[in-house]
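Source file: query.pdb; contents: PDB, C-alpha atoms, pLDDT in the B column.
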ATOM      1  CA  MET A   1       1.753  37.723 -84.386  1.00 93.00           C
ATOM      2  CA  PRO A   2       3.280  35.823 -87.344  1.00 94.00           C
ATOM      3  CA  LEU A   3       6.290  38.126 -87.043  1.00 95.00           C
ATOM      4  CA  LEU A   4       6.589  37.545 -83.285  1.00 94.00           C
ATOM      5  CA  ASP A   5       6.919  33.748 -83.597  1.00 93.00           C
ATOM      6  CA  ASP A   6       3.404  33.006 -82.369  1.00 93.00           C
ATOM      7  CA  LEU A   7       2.813  29.239 -82.304  1.00 94.00           C
ATOM      8  CA  GLY A   8      -0.622  29.582 -83.900  1.00 94.00           C
ATOM      9  CA  HIS A   9       0.880  31.148 -87.021  1.00 95.00           C
ATOM     10  CA  ARG A  10       3.919  28.940 -87.626  1.00 96.00           C
ATOM     11  CA  GLU A  11       2.312  26.946 -90.451  1.00 96.00           C
ATOM     12  CA  MET A  12       1.396  30.191 -92.186  1.00 95.00           C
ATOM     13  CA  VAL A  13       4.946  31.513 -91.858  1.00 96.00           C
ATOM     14  CA  ALA A  14       6.504  28.316 -93.208  1.00 96.00           C
ATOM     15  CA  CYS A  15       4.080  28.174 -96.132  1.00 96.00           C
ATOM     16  CA  LEU A  16       4.698  31.777 -97.184  1.00 96.00           C
ATOM     17  CA  LYS A  17       8.465  31.297 -97.028  1.00 95.00           C
ATOM     18  CA  ASP A  18       8.173  28.157 -99.155  1.00 95.00           C
ATOM     19  CA  ILE A  19       6.060  29.983-101.736  1.00 94.00           C
ATOM     20  CA  ALA A  20       8.515  32.891-101.877  1.00 95.00           C
ATOM     21  CA  ALA A  21      11.393  30.517-102.579  1.00 93.00           C
ATOM     22  CA  ARG A  22       9.623  29.238-105.698  1.00 91.00           C
ATOM     23  CA  LEU A  23       8.138  32.440-107.119  1.00 93.00           C
ATOM     24  CA  ALA A  24       9.840  34.339-109.902  1.00 93.00           C
ATOM     25  CA  ARG A  25      11.026  37.656-108.550  1.00 95.00           C
ATOM     26  CA  PRO A  26       8.468  40.380-109.372  1.00 97.00           C
ATOM     27  CA  GLU A  27       9.277  43.900-110.545  1.00 97.00           C
ATOM     28  CA  VAL A  28       6.576  45.385-108.343  1.00 98.00           C
ATOM     29  CA  ILE A  29       4.045  44.123-105.800  1.00 98.00           C
ATOM     30  CA  LEU A  30       0.390  45.170-105.686  1.00 98.00           C
ATOM     31  CA  VAL A  31      -1.427  44.249-102.475  1.00 98.00           C
ATOM     32  CA  VAL A  32      -5.172  44.311-101.926  1.00 98.00           C
ATOM     33  CA  SER A  33      -5.517  44.309 -98.141  1.00 97.00           C
ATOM     34  CA  ALA A  34      -8.658  43.608 -96.135  1.00 98.00           C
ATOM     35  CA  HIS A  35      -7.676  46.503 -93.870  1.00 97.00           C
ATOM     36  CA  TRP A  36      -8.299  49.444 -96.184  1.00 98.00           C
ATOM     37  CA  GLU A  37     -11.767  50.375 -97.428  1.00 98.00           C
ATOM     38  CA  THR A  38     -12.634  53.548 -99.331  1.00 98.00           C
ATOM     39  CA  ASP A  39     -15.736  54.891-101.062  1.00 97.00           C
ATOM     40  CA  VAL A  40     -13.803  54.907-104.332  1.00 96.00           C
ATOM     41  CA  PRO A  41     -10.949  52.417-104.945  1.00 98.00           C
ATOM     42  CA  ALA A  42      -7.707  54.129-103.975  1.00 98.00           C
ATOM     43  CA  VAL A  43      -4.053  53.415-104.733  1.00 98.00           C
ATOM     44  CA  THR A  44      -1.080  54.388-102.580  1.00 98.00           C
ATOM     45  CA  SER A  45       1.220  56.658-104.560  1.00 98.00           C
ATOM     46  CA  ALA A  46       3.895  57.647-102.020  1.00 98.00           C
ATOM     47  CA  GLY A  47       7.488  57.094-103.048  1.00 98.00           C
ATOM     48  CA  GLN A  48       8.442  55.972 -99.547  1.00 97.00           C
ATOM     49  CA  PRO A  49       5.287  54.760 -97.780  1.00 98.00           C
ATOM     50  CA  ALA A  50       5.162  54.708 -93.995  1.00 97.00           C
ATOM     51  CA  LEU A  51       3.733  51.819 -91.994  1.00 98.00           C
ATOM     52  CA  ILE A  52       0.367  51.942 -90.256  1.00 97.00           C
ATOM     53  CA  TYR A  53       0.183  49.943 -87.016  1.00 97.00           C
ATOM     54  CA  ASP A  54      -3.563  49.503 -87.351  1.00 95.00           C
ATOM     55  CA  TYR A  55      -4.042  47.231 -84.335  1.00 94.00           C
ATOM     56  CA  SER A  56      -4.098  47.491 -80.568  1.00 93.00           C
ATOM     57  CA  GLY A  57      -3.452  45.350 -77.512  1.00 93.00           C
ATOM     58  CA  PHE A  58      -0.363  43.589 -78.862  1.00 93.00           C
ATOM     59  CA  PRO A  59       3.137  43.305 -77.316  1.00 94.00           C
ATOM     60  CA  PRO A  60       5.399  46.376 -77.671  1.00 95.00           C
ATOM     61  CA  ASP A  61       7.491  44.667 -80.358  1.00 95.00           C
ATOM     62  CA  ALA A  62       4.464  44.733 -82.653  1.00 95.00           C
ATOM     63  CA  TYR A  63       4.780  48.520 -82.853  1.00 96.00           C
ATOM     64  CA  THR A  64       8.453  48.585 -83.776  1.00 96.00           C
ATOM     65  CA  ILE A  65       8.198  46.390 -86.889  1.00 97.00           C
ATOM     66  CA  GLN A  66       9.840  48.022 -89.896  1.00 97.00           C
ATOM     67  CA  TYR A  67       9.458  47.347 -93.608  1.00 98.00           C
ATOM     68  CA  ALA A  68      11.216  50.071 -95.574  1.00 97.00           C
ATOM     69  CA  CYS A  69      10.101  49.152 -99.073  1.00 98.00           C
ATOM     70  CA  LYS A  70       9.740  51.855-101.679  1.00 98.00           C
ATOM     71  CA  GLY A  71       6.526  52.762-103.384  1.00 98.00           C
ATOM     72  CA  GLU A  72       6.277  53.273-107.124  1.00 98.00           C
ATOM     73  CA  PRO A  73       4.204  56.352-108.011  1.00 98.00           C
ATOM     74  CA  ALA A  74       4.306  55.646-111.758  1.00 98.00           C
ATOM     75  CA  PHE A  75       2.933  52.159-111.246  1.00 98.00           C
ATOM     76  CA  ALA A  76       0.260  53.511-108.881  1.00 98.00           C
ATOM     77  CA  GLN A  77      -0.805  55.875-111.655  1.00 98.00           C
ATOM     78  CA  ALA A  78      -0.926  52.943-114.083  1.00 98.00           C
ATOM     79  CA  VAL A  79      -3.184  50.990-111.707  1.00 98.00           C
ATOM     80  CA  ALA A  80      -5.541  53.948-111.375  1.00 98.00           C
ATOM     81  CA  ALA A  81      -5.497  54.417-115.151  1.00 98.00           C
ATOM     82  CA  VAL A  82      -6.483  50.829-116.011  1.00 98.00           C
ATOM     83  CA  LEU A  83      -9.318  50.973-113.496  1.00 98.00           C
ATOM     84  CA  THR A  84     -10.528  54.281-114.902  1.00 98.00           C
ATOM     85  CA  HIS A  85     -10.306  52.897-118.443  1.00 97.00           C
ATOM     86  CA  GLN A  86     -12.785  50.190-117.412  1.00 97.00           C
ATOM     87  CA  GLY A  87     -15.181  52.726-115.958  1.00 97.00           C
ATOM     88  CA  ILE A  88     -14.062  52.240-112.342  1.00 98.00           C
ATOM     89  CA  ARG A  89     -13.214  55.569-110.763  1.00 97.00           C
ATOM     90  CA  ALA A  90      -9.959  55.371-108.807  1.00 98.00           C
ATOM     91  CA  ASP A  91      -8.086  57.868-106.635  1.00 98.00           C
ATOM     92  CA  LEU A  92      -4.388  58.210-105.856  1.00 98.00           C
ATOM     93  CA  ASP A  93      -3.454  58.613-102.188  1.00 98.00           C
ATOM     94  CA  ALA A  94       0.038  59.945-101.551  1.00 98.00           C
ATOM     95  CA  ALA A  95      -0.481  60.185 -97.776  1.00 97.00           C
ATOM     96  CA  ARG A  96      -1.654  56.664 -97.012  1.00 97.00           C
ATOM     97  CA  GLY A  97       0.907  54.223 -95.584  1.00 97.00           C
ATOM     98  CA  LEU A  98       0.929  50.415 -95.717  1.00 98.00           C
ATOM     99  CA  ASP A  99      -1.193  48.570 -93.162  1.00 98.00           C
ATOM    100  CA  HIS A 100      -0.417  45.257 -91.478  1.00 97.00           C
ATOM    101  CA  GLY A 101      -2.262  43.367 -94.218  1.00 97.00           C
ATOM    102  CA  VAL A 102       0.625  44.485 -96.414  1.00 98.00           C
ATOM    103  CA  PHE A 103       3.774  44.579 -94.315  1.00 98.00           C
ATOM    104  CA  VAL A 104       3.188  41.325 -92.412  1.00 97.00           C
ATOM    105  CA  PRO A 105       3.045  39.003 -95.456  1.00 97.00           C
ATOM    106  CA  LEU A 106       5.687  41.028 -97.313  1.00 97.00           C
ATOM    107  CA  LYS A 107       8.121  40.811 -94.422  1.00 97.00           C
ATOM    108  CA  LEU A 108       7.754  37.029 -94.599  1.00 96.00           C
ATOM    109  CA  LEU A 109       7.872  36.789 -98.389  1.00 97.00           C
ATOM    110  CA  TYR A 110      10.562  39.385 -99.122  1.00 97.00           C
ATOM    111  CA  PRO A 111      12.275  40.356 -95.857  1.00 96.00           C
ATOM    112  CA  ARG A 112      14.870  42.542 -97.593  1.00 97.00           C
ATOM    113  CA  ALA A 113      12.109  45.006 -98.593  1.00 98.00           C
ATOM    114  CA  ASP A 114      13.847  45.553-101.924  1.00 97.00           C
ATOM    115  CA  ILE A 115      10.803  45.317-104.224  1.00 98.00           C
ATOM    116  CA  PRO A 116       8.532  48.358-104.687  1.00 98.00           C
ATOM    117  CA  CYS A 117       5.044  47.924-103.246  1.00 98.00           C
ATOM    118  CA  VAL A 118       1.718  49.622-103.928  1.00 98.00           C
ATOM    119  CA  GLN A 119      -1.543  49.037-102.051  1.00 98.00           C
ATOM    120  CA  LEU A 120      -5.047  49.016-103.527  1.00 98.00           C
ATOM    121  CA  SER A 121      -8.084  49.510-101.304  1.00 98.00           C
ATOM    122  CA  LEU A 122     -11.316  47.590-101.175  1.00 98.00           C
ATOM    123  CA  SER A 123     -14.508  49.385-102.100  1.00 98.00           C
ATOM    124  CA  ARG A 124     -16.506  50.127 -98.955  1.00 97.00           C
ATOM    125  CA  GLY A 125     -19.676  48.724-100.529  1.00 96.00           C
ATOM    126  CA  LEU A 126     -18.085  45.237-100.362  1.00 98.00           C
ATOM    127  CA  ASP A 127     -19.881  44.144-103.534  1.00 98.00           C
ATOM    128  CA  PRO A 128     -18.378  40.847-104.753  1.00 98.00           C
ATOM    129  CA  ALA A 129     -19.145  41.508-108.433  1.00 98.00           C
ATOM    130  CA  PHE A 130     -17.496  44.929-108.244  1.00 98.00           C
ATOM    131  CA  HIS A 131     -14.315  43.422-106.823  1.00 98.00           C
ATOM    132  CA  LEU A 132     -14.280  40.833-109.599  1.00 98.00           C
ATOM    133  CA  ALA A 133     -14.490  43.767-112.026  1.00 98.00           C
ATOM    134  CA  ILE A 134     -11.566  45.491-110.297  1.00 98.00           C
ATOM    135  CA  GLY A 135      -9.525  42.334-110.817  1.00 98.00           C
ATOM    136  CA  GLY A 136     -10.613  42.159-114.449  1.00 98.00           C
ATOM    137  CA  ALA A 137      -9.360  45.681-115.040  1.00 98.00           C
ATOM    138  CA  LEU A 138      -5.969  44.759-113.582  1.00 98.00           C
ATOM    139  CA  GLN A 139      -5.431  42.281-116.425  1.00 96.00           C
ATOM    140  CA  ALA A 140      -4.192  45.254-118.420  1.00 96.00           C
ATOM    141  CA  LEU A 141      -1.078  45.304-116.208  1.00 95.00           C
ATOM    142  CA  ALA A 142       0.050  41.943-117.565  1.00 86.00           C
ATOM    143  CA  GLY A 143       2.902  43.499-119.559  1.00 85.00           C
ATOM    144  CA  ARG A 144       4.882  43.869-116.319  1.00 89.00           C
ATOM    145  CA  ARG A 145       6.038  41.207-113.872  1.00 95.00           C
ATOM    146  CA  VAL A 146       3.552  42.100-111.133  1.00 97.00           C
ATOM    147  CA  LEU A 147       2.894  40.040-108.030  1.00 97.00           C
ATOM    148  CA  LEU A 148      -0.742  40.605-107.044  1.00 98.00           C
ATOM    149  CA  ILE A 149      -1.440  39.630-103.442  1.00 98.00           C
ATOM    150  CA  GLY A 150      -4.933  39.322-102.023  1.00 98.00           C
ATOM    151  CA  SER A 151      -4.219  39.742 -98.316  1.00 98.00           C
ATOM    152  CA  GLY A 152      -7.190  38.498 -96.339  1.00 97.00           C
ATOM    153  CA  PHE A 153      -8.194  35.265 -94.658  1.00 97.00           C
ATOM    154  CA  SER A 154     -10.314  32.321 -95.788  1.00 97.00           C
ATOM    155  CA  PHE A 155     -11.604  32.148 -92.189  1.00 97.00           C
ATOM    156  CA  HIS A 156     -12.170  35.379 -90.290  1.00 97.00           C
ATOM    157  CA  ASN A 157     -14.528  35.074 -87.352  1.00 96.00           C
ATOM    158  CA  MET A 158     -12.563  36.836 -84.629  1.00 93.00           C
ATOM    159  CA  ARG A 159     -14.673  35.515 -81.745  1.00 92.00           C
ATOM    160  CA  GLN A 160     -14.234  31.951 -82.916  1.00 94.00           C
ATOM    161  CA  PHE A 161     -10.454  32.250 -83.094  1.00 91.00           C
ATOM    162  CA  PHE A 162     -10.439  32.515 -79.317  1.00 89.00           C
ATOM    163  CA  ALA A 163     -13.548  30.498 -78.407  1.00 91.00           C
ATOM    164  CA  PRO A 164     -13.358  26.922 -77.067  1.00 90.00           C
ATOM    165  CA  GLU A 165     -13.245  24.307 -79.800  1.00 86.00           C
ATOM    166  CA  ASN A 166     -16.575  22.655 -80.614  1.00 93.00           C
ATOM    167  CA  ALA A 167     -17.962  20.347 -83.278  1.00 96.00           C
ATOM    168  CA  VAL A 168     -20.293  22.921 -84.824  1.00 96.00           C
ATOM    169  CA  ALA A 169     -17.488  25.456 -85.360  1.00 96.00           C
ATOM    170  CA  ARG A 170     -15.207  22.793 -86.841  1.00 96.00           C
ATOM    171  CA  GLN A 171     -17.938  21.670 -89.239  1.00 97.00           C
ATOM    172  CA  HIS A 172     -18.649  25.206 -90.474  1.00 98.00           C
ATOM    173  CA  ASN A 173     -14.930  25.835 -90.934  1.00 98.00           C
ATOM    174  CA  THR A 174     -14.451  22.555 -92.816  1.00 98.00           C
ATOM    175  CA  ASP A 175     -17.543  22.991 -94.986  1.00 98.00           C
ATOM    176  CA  PHE A 176     -16.564  26.463 -96.119  1.00 98.00           C
ATOM    177  CA  GLU A 177     -12.996  25.369 -96.878  1.00 98.00           C
ATOM    178  CA  HIS A 178     -14.331  22.486 -98.988  1.00 98.00           C
ATOM    179  CA  TRP A 179     -16.583  24.899-100.880  1.00 98.00           C
ATOM    180  CA  LEU A 180     -13.763  27.369-101.428  1.00 98.00           C
ATOM    181  CA  THR A 181     -11.436  24.634-102.670  1.00 97.00           C
ATOM    182  CA  SER A 182     -14.050  23.333-105.089  1.00 97.00           C
ATOM    183  CA  VAL A 183     -14.861  26.765-106.477  1.00 98.00           C
ATOM    184  CA  CYS A 184     -11.272  27.981-106.850  1.00 98.00           C
ATOM    185  CA  CYS A 185      -9.451  24.775-107.785  1.00 98.00           C
ATOM    186  CA  ASP A 186     -11.836  22.655-109.885  1.00 98.00           C
ATOM    187  CA  THR A 187     -10.578  22.903-113.468  1.00 97.00           C
ATOM    188  CA  SER A 188     -13.777  21.301-114.808  1.00 97.00           C
ATOM    189  CA  LEU A 189     -15.897  24.189-113.537  1.00 97.00           C
ATOM    190  CA  ALA A 190     -17.008  26.634-116.232  1.00 98.00           C
ATOM    191  CA  GLU A 191     -15.772  30.157-115.564  1.00 98.00           C
ATOM    192  CA  ASN A 192     -19.260  31.663-115.608  1.00 98.00           C
ATOM    193  CA  GLU A 193     -20.237  29.179-112.900  1.00 98.00           C
ATOM    194  CA  ARG A 194     -17.076  29.868-110.865  1.00 98.00           C
ATOM    195  CA  ARG A 195     -17.778  33.590-111.120  1.00 98.00           C
ATOM    196  CA  ASP A 196     -21.420  33.131-110.122  1.00 98.00           C
ATOM    197  CA  GLN A 197     -20.474  31.105-107.050  1.00 98.00           C
ATOM    198  CA  LEU A 198     -17.965  33.722-105.937  1.00 98.00           C
ATOM    199  CA  ILE A 199     -20.552  36.466-106.370  1.00 98.00           C
ATOM    200  CA  HIS A 200     -23.060  34.491-104.314  1.00 98.00           C
ATOM    201  CA  TRP A 201     -20.528  33.249-101.763  1.00 98.00           C
ATOM    202  CA  GLU A 202     -23.012  33.865 -98.923  1.00 98.00           C
ATOM    203  CA  ASN A 203     -24.903  30.757-100.090  1.00 98.00           C
ATOM    204  CA  ALA A 204     -21.910  28.536 -99.340  1.00 98.00           C
ATOM    205  CA  PRO A 205     -22.114  26.239 -96.306  1.00 98.00           C
ATOM    206  CA  GLY A 206     -20.710  27.956 -93.240  1.00 98.00           C
ATOM    207  CA  ALA A 207     -20.238  31.222 -95.148  1.00 98.00           C
ATOM    208  CA  ARG A 208     -21.482  33.743 -92.609  1.00 98.00           C
ATOM    209  CA  PHE A 209     -20.037  31.772 -89.722  1.00 98.00           C
ATOM    210  CA  CYS A 210     -16.584  31.987 -91.297  1.00 98.00           C
ATOM    211  CA  HIS A 211     -17.107  35.556 -92.517  1.00 98.00           C
ATOM    212  CA  PRO A 212     -19.523  37.598 -90.385  1.00 98.00           C
ATOM    213  CA  ARG A 213     -18.227  40.497 -92.513  1.00 98.00           C
ATOM    214  CA  GLU A 214     -16.748  39.792 -95.925  1.00 98.00           C
ATOM    215  CA  GLU A 215     -13.808  42.210 -96.095  1.00 98.00           C
ATOM    216  CA  HIS A 216     -11.306  39.388 -95.504  1.00 98.00           C
ATOM    217  CA  LEU A 217     -12.735  37.307 -98.357  1.00 98.00           C
ATOM    218  CA  LEU A 218     -12.952  39.966-101.087  1.00 98.00           C
ATOM    219  CA  PRO A 219      -9.205  40.262-101.816  1.00 98.00           C
ATOM    220  CA  LEU A 220      -9.657  36.761-103.270  1.00 98.00           C
ATOM    221  CA  HIS A 221     -12.294  38.117-105.665  1.00 98.00           C
ATOM    222  CA  VAL A 222      -9.835  40.691-106.991  1.00 98.00           C
ATOM    223  CA  CYS A 223      -7.217  37.984-107.578  1.00 98.00           C
ATOM    224  CA  TYR A 224      -9.656  35.671-109.340  1.00 98.00           C
ATOM    225  CA  GLY A 225     -10.971  38.570-111.407  1.00 98.00           C
ATOM    226  CA  ALA A 226      -7.449  39.218-112.638  1.00 98.00           C
ATOM    227  CA  MET A 227      -6.881  35.575-113.655  1.00 97.00           C
ATOM    228  CA  GLN A 228     -10.386  34.199-114.414  1.00 97.00           C
ATOM    229  CA  ARG A 229      -9.396  30.554-114.200  1.00 98.00           C
ATOM    230  CA  ALA A 230      -8.877  27.880-111.588  1.00 98.00           C
ATOM    231  CA  CYS A 231      -5.909  28.440-109.316  1.00 98.00           C
ATOM    232  CA  ASP A 232      -2.721  26.483-109.931  1.00 97.00           C
ATOM    233  CA  GLU A 233      -1.989  25.484-106.337  1.00 96.00           C
ATOM    234  CA  ARG A 234      -3.756  25.395-102.989  1.00 97.00           C
ATOM    235  CA  TYR A 235      -2.079  25.196 -99.604  1.00 96.00           C
ATOM    236  CA  GLU A 236      -3.978  24.245 -96.462  1.00 96.00           C
ATOM    237  CA  VAL A 237      -2.611  25.633 -93.226  1.00 96.00           C
ATOM    238  CA  THR A 238      -3.944  25.741 -89.699  1.00 96.00           C
ATOM    239  CA  ILE A 239      -3.928  29.254 -88.237  1.00 95.00           C
ATOM    240  CA  LEU A 240      -5.052  29.770 -84.640  1.00 93.00           C
ATOM    241  CA  ASN A 241      -6.610  26.282 -84.766  1.00 93.00           C
ATOM    242  CA  LYS A 242      -8.693  27.059 -87.854  1.00 96.00           C
ATOM    243  CA  LYS A 243      -8.297  25.544 -91.299  1.00 96.00           C
ATOM    244  CA  SER A 244      -7.306  28.163 -93.849  1.00 97.00           C
ATOM    245  CA  SER A 245      -6.370  28.210 -97.519  1.00 97.00           C
ATOM    246  CA  MET A 246      -3.706  29.951 -99.552  1.00 97.00           C
ATOM    247  CA  LEU A 247      -4.401  29.997-103.291  1.00 97.00           C
ATOM    248  CA  LEU A 248      -1.777  30.611-105.956  1.00 97.00           C
ATOM    249  CA  TRP A 249      -2.180  31.589-109.577  1.00 96.00           C
ATOM    250  CA  ALA A 250       1.208  31.341-111.289  1.00 89.00           C
TER     251      ALA A 250
END
Let me see the file written as structure tokens.
Amino acid sequence: MPLLDDLGHREMVACLKDIAARLARPEVILVVSAHWETDVPAVTSAGQPALIYDYSGFPPDAYTIQYACKGEPAFAQAVAAVLTHQGIRADLDAARGLDHGVFVPLKLLYPRADIPCVQLSLSRGLDPAFHLAIGGALQALAGRRVLLIGSGFSFHNMRQFFAPENAVARQHNTDFEHWLTSVCCDTSLAENERRDQLIHWENAPGARFCHPREEHLLPLHVCYGAMQRACDERYEVTILNKKSSMLLWA
């Protein structure tokens, strides 16, 4: 819907375009999408990945979207290697295409599709500490100019996106956003405490209301694990009438 000019996504679109205008151009993009889970972390290794229209019930134009970026098999192998070096088994997947958690934000950020892109899956166990460890292993890629994108959502209760507005829902949404901002942005917070709060995110106010299932939150854990410090910038946007956050480590 962000690519079809949906009114409920216009703030998101504008924010991503603004961020893209200020980012240094990366050599390669690594996306952790909420829409791919595997038993063992997997990395796309196709040289020319296809797109996966992993949704249903949308207008016909949603199934004609194109994003003809290249993959980078050598970089995919490097990602798998750094994970393996840290004791995290990782597989290469040359058949897997890029899902909408990848091509939607990339089409907004880099519409020319001229930067190679590789996708990394979530682990199906959805263990927060394990995803922090995945991010930690990715620190070894720092010798290259890599843009790591955690493609999820700080609010992802699908029923509530389309339910009538009410005070209880607004309060849960607001409370969780305040918690997330405090945990990710407070520079006075010790890193062991920040890590502990992310591991035990379910204890946050409004946590399970905002995330009945945590797959849309865990890409954030990978990003924090790779940086292990407070984020540099936070952007608040309203998406489908819900407060949401974008977090940037530069």
Enumerate, in order of chain and increasing residue number, the residues of region 87-133 of chain A with an atom no farther than 6 Å from region 22-38 of chain A, each with its shortest atom pair and distance in Å to one decimal, counting only C-alpha atoms, as JSON lines.
{"residue": "A:Gly101", "atom": "CA", "partner": "A:Ser33", "partner_atom": "CA", "distance": 5.2}
{"residue": "A:Ile115", "atom": "CA", "partner": "A:Val28", "partner_atom": "CA", "distance": 5.9}
{"residue": "A:Pro116", "atom": "CA", "partner": "A:Val28", "partner_atom": "CA", "distance": 5.1}
{"residue": "A:Cys117", "atom": "CA", "partner": "A:Ile29", "partner_atom": "CA", "distance": 4.7}
{"residue": "A:Val118", "atom": "CA", "partner": "A:Leu30", "partner_atom": "CA", "distance": 5.0}
{"residue": "A:Gln119", "atom": "CA", "partner": "A:Val31", "partner_atom": "CA", "distance": 4.8}
{"residue": "A:Leu120", "atom": "CA", "partner": "A:Val32", "partner_atom": "CA", "distance": 5.0}
{"residue": "A:Ser121", "atom": "CA", "partner": "A:Trp36", "partner_atom": "CA", "distance": 5.1}
{"residue": "A:Leu122", "atom": "CA", "partner": "A:Glu37", "partner_atom": "CA", "distance": 4.7}
{"residue": "A:Ser123", "atom": "CA", "partner": "A:Thr38", "partner_atom": "CA", "distance": 5.3}
{"residue": "A:Arg124", "atom": "CA", "partner": "A:Glu37", "partner_atom": "CA", "distance": 5.0}
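Near (10.6, 50.4, -88.7), the residues that fall inside 12 Å on the basis of only C-alpha atoms are Pro49, Ala50, Leu51, Ile52, Tyr53, Asp61, Ala62, Tyr63, Thr64, Ile65, Gln66, Tyr67, Ala68, Cys69, Leu98, Phe103, Lys107 and Ala113 of chain A.
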Could you please take those selected residues and save C-alpha atoms as a compact mmCIF listing (two decimals), keeping the file's coordinate frame?
# COMPACT_ATOMS: atom_id res chain seq x y z
CA PRO A 49 5.29 54.76 -97.78
CA ALA A 50 5.16 54.71 -94.00
CA LEU A 51 3.73 51.82 -91.99
CA ILE A 52 0.37 51.94 -90.26
CA TYR A 53 0.18 49.94 -87.02
CA ASP A 61 7.49 44.67 -80.36
CA ALA A 62 4.46 44.73 -82.65
CA TYR A 63 4.78 48.52 -82.85
CA THR A 64 8.45 48.58 -83.78
CA ILE A 65 8.20 46.39 -86.89
CA GLN A 66 9.84 48.02 -89.90
CA TYR A 67 9.46 47.35 -93.61
CA ALA A 68 11.22 50.07 -95.57
CA CYS A 69 10.10 49.15 -99.07
CA LEU A 98 0.93 50.42 -95.72
CA PHE A 103 3.77 44.58 -94.32
CA LYS A 107 8.12 40.81 -94.42
CA ALA A 113 12.11 45.01 -98.59
- Task: Considering all atoms listed in the file, state which residue in the set A:Asp232, A:Glu72, A:Glu202, A:Asp39 is at the smallest distance from Met246 (chain A).
- Result: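 Checking each of A:Asp232, A:Glu72, A:Glu202, A:Asp39 against Met246 (chain A), counting all atoms listed in the file, the winner is A:Asp232.
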Starting from 3 Å padding per side, set up an axis-aligned box that covers all listed atoms of region 37-51 of chain A and hand over centre and edge lengths in Å, one decimal, as JSON.
{"center_x": -3.6, "center_y": 54.0, "center_z": -98.5, "size_x": 30.2, "size_y": 13.3, "size_z": 19.0}
- Task: Name the closest residue to Asp93 (chain A) among the candidates A:Cys15, A:Ile199, A:Leu126, A:Val43; distances are taken between atoms, counting all atoms listed in the file.
- Result: A:Val43
- Figure out the distance between CA of Phe130 (chain A) and CA of Lys243 (chain A), please, to one decimal in Å.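 One can read the CA of Lys243 (chain A) to CA of Phe130 (chain A) distance as 27.3 Å.
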- Could you expand the PyMOL selection byres ((chain A and resi 174) around 12) into the explicit residues it covers here, written as an MDAnalysis selection string? chainID A and resid 154:155 167:173 175:181 204:207 209:210 236 238 241:245
Quick one: residues within 10 Å of Val82 (chain A), only C-alpha atoms, excluding same-chain residues fewer than 4 positions away - as a PDB file with C-alpha atoms, in the frame of the given file?
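File out.pdb, as written:
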ATOM      1  CA  GLN A  77      -0.805  55.875-111.655  1.00 98.00           C
ATOM      2  CA  ALA A  78      -0.926  52.943-114.083  1.00 98.00           C
ATOM      3  CA  GLN A  86     -12.785  50.190-117.412  1.00 97.00           C
ATOM      4  CA  GLY A  87     -15.181  52.726-115.958  1.00 97.00           C
ATOM      5  CA  ILE A  88     -14.062  52.240-112.342  1.00 98.00           C
ATOM      6  CA  ARG A  89     -13.214  55.569-110.763  1.00 97.00           C
ATOM      7  CA  ALA A  90      -9.959  55.371-108.807  1.00 98.00           C
ATOM      8  CA  ILE A 134     -11.566  45.491-110.297  1.00 98.00           C
ATOM      9  CA  GLY A 136     -10.613  42.159-114.449  1.00 98.00           C
ATOM     10  CA  ALA A 137      -9.360  45.681-115.040  1.00 98.00           C
ATOM     11  CA  LEU A 138      -5.969  44.759-113.582  1.00 98.00           C
ATOM     12  CA  GLN A 139      -5.431  42.281-116.425  1.00 96.00           C
ATOM     13  CA  ALA A 140      -4.192  45.254-118.420  1.00 96.00           C
ATOM     14  CA  LEU A 141      -1.078  45.304-116.208  1.00 95.00           C
TER      15      LEU A 141
END
- Message: With distances taken over all atoms listed in the file, which residue among A:Gln160, A:Asn166, A:Ser56, A:Ser45 lies nearest Gly71 (chain A)?
- Response: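 Result for the nearest residue to Gly71 (chain A): A:Ser45.
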- Task: For CA of Ala94 (chain A) and CA of Thr44 (chain A), quote the distance in Å rounded to one decimal.
- Result: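 So the two atoms, CA of Ala94 (chain A) and CA of Thr44 (chain A), lie 5.8 Å apart.
Interatomic distance, CA of His200 (chain A) to CA of Arg229 (chain A): 17.3 Å.
If you measure from each of A:His156, A:Asp91, A:Asp6, A:His85 to Arg208 (chain A) using all atoms listed in the file, the closest one turns out to be A:His156.
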- Would you mind listing what lies within 12 Å of Leu132 (chain A) as a ChimeraX atom specification, with all atoms listed in the file counted and same-chain residues fewer than 3 positions away left out? /A:83,88,122-123,126-129,135-139,194-199,217-228
